[in-house]
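Trainee: Dropping the structure in here first, questions after.
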Amino acid sequence: MKLGVIADPHLSVLRDEPDAWHNPYRLGDAHERLDVALAHPIVDDVDVFALLGDLAHFGDRESLRRCVDAVAKARGGRPAILLSGNHDVLAPGVRLEQEIDDAGDADIVSPLAWPDASGVAQVFRAAGLGLHVHEVMALSDRRVEPFDVRSRTVSGDAPAGHVVLTHFPVLSLEQRAGDAHLLYSGHLAQLARPVDPLPAAGPVVVLSGHLHLRGVAHEGHVLQLCFAALVEAPYELAGVDIESNDGGLTVNYECASARPPDADKLPILDPPTGEWRFRPGQGWHQPSEARW
């Protein structure tokens, strides 16, 4: 199974204002860059599109709808799942799932309004993979753990392993980001109250955004791929292959830029391509480690 992954597009069709994290945001043409990313050769053969949150920089209805419409136009019969991130809950009364529902495309789905007929769950079941999602629901008035996040098991049948789609990373990259002198915007345990724990049985592959950096983390049976943002250099998207074999999983990822990076320092902790393998009792390793 192959996923086309886009994190943090930050569309803003009504306003173009200076903003930045590691590097300046390109808000004025963010919607055009999303179109480019959705048509990139890396995602030509994907089975599912996954957009991992912060779809709209200001959380406004017009930008969310522009994102939904772009996916509807580009998906070419393939299903897509769109997650809400912390920027997507900033405008009172505006919700991603409502914009998806109004668009009327049954194969573009939000975890909160999952139609039984959705092709997304079918693709994961056919691959033997369970599917779990974390959805940012609201910004609370709490000073710590300020966001409300809801977890949902979309498909629990997982003979080969599990995939978790989330905006906030589950495993920490804080130490590595600090060592590389990169900003760190927090992982799930720092940003929200506890949600359902990750599946305890079988390998787990977590795909996340939010940090606006490319980095890999693994701990026990969990492998996490965190993707750089589309809104700022290196303007990335990715293809992720997940295959079961010999009682384990093999994960290959490839990242590419939707436009040439225009910053001297890029928020990158790991290479743009990589392969990771899981074997029962041995955990996650790269083939070069020659563990088996």
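Residue numbering restarts at 1 for every chain of the structure tokens, chains are lettered A, B, ... in their displayed order, and ligands are numbered from 1 as they appear.
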Tell me which protein, DNA and RNA residues are within 12 Å of Asp246 in chain A, counting only C-alpha atoms, leaving out same-chain ones fewer than 4 positions away, and put them as JSON, numbers by chain.
Mentor: {"A": [160, 250, 277, 278, 279, 280]}
Trainee: Please produce a file of those selected residues containing N, CA and C atoms, as a CSV table (one decimal), in the first residue's frame.
Mentor:
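Heads up, here's the output in again25.csv:
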chain,number,residue,atom,x,y,z
A,160,ALA,N,-1.3,-7.4,9.8
A,160,ALA,CA,0.1,-7.1,9.5
A,160,ALA,C,0.6,-6.0,10.3
A,250,THR,N,7.8,-3.7,6.0
A,250,THR,CA,8.8,-2.8,5.4
A,250,THR,C,8.2,-1.5,5.0
A,277,ARG,N,12.6,-1.6,8.5
A,277,ARG,CA,12.0,-2.9,8.6
A,277,ARG,C,11.7,-3.3,10.0
A,278,PHE,N,10.6,-4.0,10.2
A,278,PHE,CA,10.2,-4.5,11.5
A,278,PHE,C,10.1,-6.0,11.4
A,279,ARG,N,10.8,-6.7,12.4
A,279,ARG,CA,10.6,-8.1,12.6
A,279,ARG,C,10.2,-8.4,14.0
A,280,PRO,N,9.3,-9.3,14.2
A,280,PRO,CA,8.9,-9.6,15.6
A,280,PRO,C,10.1,-9.9,16.5
Trainee: Run DSSP on the backbone and grab whatever in range 188-277 of chain A lands in helix (DSSP H, G or I); send it over as a PDB file with N, CA and C atoms, in the first residue's frame.
Mentor:
ATOM      1  N   LEU A 188       2.522  15.269  21.032  1.00  0.00           N
ATOM      2  CA  LEU A 188       1.165  15.085  21.536  1.00  0.00           C
ATOM      3  C   LEU A 188       1.065  15.209  23.051  1.00  0.00           C
ATOM      4  N   ALA A 189       1.958  14.569  23.792  1.00  0.00           N
ATOM      5  CA  ALA A 189       1.866  14.584  25.251  1.00  0.00           C
ATOM      6  C   ALA A 189       2.066  15.976  25.832  1.00  0.00           C
ATOM      7  N   GLN A 190       2.720  16.874  25.089  1.00  0.00           N
ATOM      8  CA  GLN A 190       2.921  18.242  25.557  1.00  0.00           C
ATOM      9  C   GLN A 190       1.758  19.160  25.179  1.00  0.00           C
ATOM     10  N   LEU A 191       0.992  18.767  24.178  1.00  0.00           N
ATOM     11  CA  LEU A 191       0.018  19.678  23.592  1.00  0.00           C
ATOM     12  C   LEU A 191      -1.432  19.323  23.893  1.00  0.00           C
TER      13      LEU A 191
END
Trainee: Can you pull out every residue within 10 Å of range 64-77 of chain A, counting only C-alpha atoms, but drop anything in the same chain fewer than 4 positions away, and send it as a PyMOL selection string?
Mentor: chain A and resi 9-13+31-32+34-39+43-44+46-51+54-60+81-82+84+88+94-109+119
Trainee: Just the residues within 6 Å of Gly53 in chain A, please, counting only C-alpha atoms, with nothing from its chain fewer than 3 positions along; format it as an MDAnalysis selection string.
Mentor: chainID A and resid 8 83:85 167
Trainee: Next, dump the selected residues to file, keeping only N, CA and C atoms, as a PDB file, in the first residue's frame.
Mentor:
ATOM      1  N   ASP A   8       0.904  20.138   6.615  1.00  0.00           N
ATOM      2  CA  ASP A   8       0.976  21.576   6.883  1.00  0.00           C
ATOM      3  C   ASP A   8       1.012  22.446   5.626  1.00  0.00           C
ATOM      4  N   LEU A  83      -6.994  15.428   7.849  1.00  0.00           N
ATOM      5  CA  LEU A  83      -7.012  15.625   9.291  1.00  0.00           C
ATOM      6  C   LEU A  83      -7.047  17.108   9.630  1.00  0.00           C
ATOM      7  N   SER A  84      -7.645  17.420  10.745  1.00  0.00           N
ATOM      8  CA  SER A  84      -7.650  18.775  11.279  1.00  0.00           C
ATOM      9  C   SER A  84      -6.454  18.954  12.204  1.00  0.00           C
ATOM     10  N   GLY A  85      -5.703  20.055  12.006  1.00  0.00           N
ATOM     11  CA  GLY A  85      -4.598  20.385  12.893  1.00  0.00           C
ATOM     12  C   GLY A  85      -4.943  21.564  13.775  1.00  0.00           C
ATOM     13  N   HIS A 167      -1.770  14.721  13.426  1.00  0.00           N
ATOM     14  CA  HIS A 167      -1.085  15.994  13.220  1.00  0.00           C
ATOM     15  C   HIS A 167       0.066  16.120  14.210  1.00  0.00           C
TER      16      HIS A 167
END
Trainee: Taking into account only C-alpha atoms, which residue in the set A:Val89, A:Phe227, A:Ala263, A:Glu219 is nearest to Gly283 in chain A?
Mentor: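 Ranked by minimum distance to Gly283 in chain A, first place goes to A:Glu219.
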Trainee: Please return, as a PyMOL selection string, all residues of range 17-157 of chain A that DSSP assigns to strand (DSSP E or B) on the basis of the backbone.
Mentor: chain A and resi 20+24+48-51+56+80-82+108-109+129-139+147-155
Trainee: Can I get the selected residues back with N, CA and C atoms, as a short mmCIF file (atom, residue, chain, number, x, y, z; two decimals), in the first residue's frame?
Mentor:
data_model
loop_
_atom_site.label_atom_id
_atom_site.label_comp_id
_atom_site.auth_asym_id
_atom_site.auth_seq_id
_atom_site.Cartn_x
_atom_site.Cartn_y
_atom_site.Cartn_z
N ALA A 20 6.31 32.98 9.89
CA ALA A 20 7.47 32.11 9.72
C ALA A 20 7.57 31.16 10.89
N PRO A 24 10.52 31.60 6.37
CA PRO A 24 9.28 32.33 6.06
C PRO A 24 8.23 31.44 5.38
N VAL A 48 -3.88 5.98 -1.48
CA VAL A 48 -4.62 6.89 -0.60
C VAL A 48 -3.82 8.17 -0.44
N PHE A 49 -4.51 9.31 -0.45
CA PHE A 49 -3.90 10.58 -0.05
C PHE A 49 -4.16 10.81 1.44
N ALA A 50 -3.15 11.31 2.14
CA ALA A 50 -3.31 11.66 3.56
C ALA A 50 -2.75 13.06 3.77
N LEU A 51 -3.62 14.00 4.17
CA LEU A 51 -3.21 15.36 4.50
C LEU A 51 -3.27 15.49 6.01
N ALA A 56 -5.48 24.94 6.76
CA ALA A 56 -5.77 26.37 6.58
C ALA A 56 -5.03 27.16 7.67
N ALA A 80 -9.14 9.77 -0.06
CA ALA A 80 -8.26 10.69 0.67
C ALA A 80 -8.81 10.90 2.07
N ILE A 81 -7.90 11.06 3.01
CA ILE A 81 -8.28 11.40 4.37
C ILE A 81 -7.62 12.72 4.74
N LEU A 82 -8.41 13.65 5.27
CA LEU A 82 -7.94 14.97 5.66
C LEU A 82 -8.09 15.11 7.17
N ILE A 108 -13.58 11.56 0.00
CA ILE A 108 -12.75 12.46 0.79
C ILE A 108 -13.37 12.50 2.17
N VAL A 109 -12.59 12.08 3.16
CA VAL A 109 -13.20 11.82 4.46
C VAL A 109 -12.46 12.52 5.58
N LEU A 129 -3.80 -3.86 7.31
CA LEU A 129 -3.35 -2.85 8.26
C LEU A 129 -4.53 -2.20 8.97
N GLY A 130 -4.41 -2.06 10.27
CA GLY A 130 -5.36 -1.27 11.02
C GLY A 130 -5.12 0.21 10.78
N LEU A 131 -6.15 1.02 10.95
CA LEU A 131 -6.04 2.46 10.74
C LEU A 131 -6.60 3.21 11.94
N HIS A 132 -5.78 4.11 12.47
CA HIS A 132 -6.14 4.91 13.64
C HIS A 132 -5.81 6.37 13.33
N VAL A 133 -6.60 7.28 13.85
CA VAL A 133 -6.40 8.69 13.55
C VAL A 133 -6.51 9.52 14.83
N HIS A 134 -5.78 10.63 14.84
CA HIS A 134 -5.89 11.64 15.89
C HIS A 134 -6.35 12.93 15.24
N GLU A 135 -7.43 13.49 15.74
CA GLU A 135 -8.02 14.70 15.16
C GLU A 135 -7.98 15.82 16.19
N VAL A 136 -7.39 16.97 15.84
CA VAL A 136 -7.42 18.14 16.71
C VAL A 136 -8.81 18.74 16.66
N MET A 137 -9.43 18.88 17.82
CA MET A 137 -10.83 19.30 17.90
C MET A 137 -11.01 20.77 18.23
N ALA A 138 -10.17 21.29 19.13
CA ALA A 138 -10.40 22.65 19.61
C ALA A 138 -9.19 23.15 20.37
N LEU A 139 -9.08 24.45 20.46
CA LEU A 139 -8.13 25.12 21.34
C LEU A 139 -8.86 25.48 22.62
N PHE A 147 -4.71 21.86 23.66
CA PHE A 147 -5.59 21.41 22.59
C PHE A 147 -6.38 20.17 22.99
N ASP A 148 -7.60 20.11 22.48
CA ASP A 148 -8.42 18.91 22.62
C ASP A 148 -8.21 18.05 21.39
N VAL A 149 -7.82 16.80 21.60
CA VAL A 149 -7.56 15.86 20.52
C VAL A 149 -8.41 14.61 20.74
N ARG A 150 -9.03 14.15 19.69
CA ARG A 150 -9.84 12.93 19.76
C ARG A 150 -9.16 11.86 18.91
N SER A 151 -9.07 10.65 19.48
CA SER A 151 -8.53 9.51 18.73
C SER A 151 -9.67 8.59 18.30
N ARG A 152 -9.46 7.93 17.19
CA ARG A 152 -10.49 7.02 16.69
C ARG A 152 -9.83 5.85 15.98
N THR A 153 -10.33 4.66 16.24
CA THR A 153 -9.93 3.48 15.48
C THR A 153 -10.90 3.32 14.33
N VAL A 154 -10.42 3.51 13.12
CA VAL A 154 -11.25 3.41 11.93
C VAL A 154 -11.41 1.95 11.53
N SER A 155 -10.31 1.21 11.59
CA SER A 155 -10.33 -0.22 11.29
C SER A 155 -9.37 -0.91 12.24
#
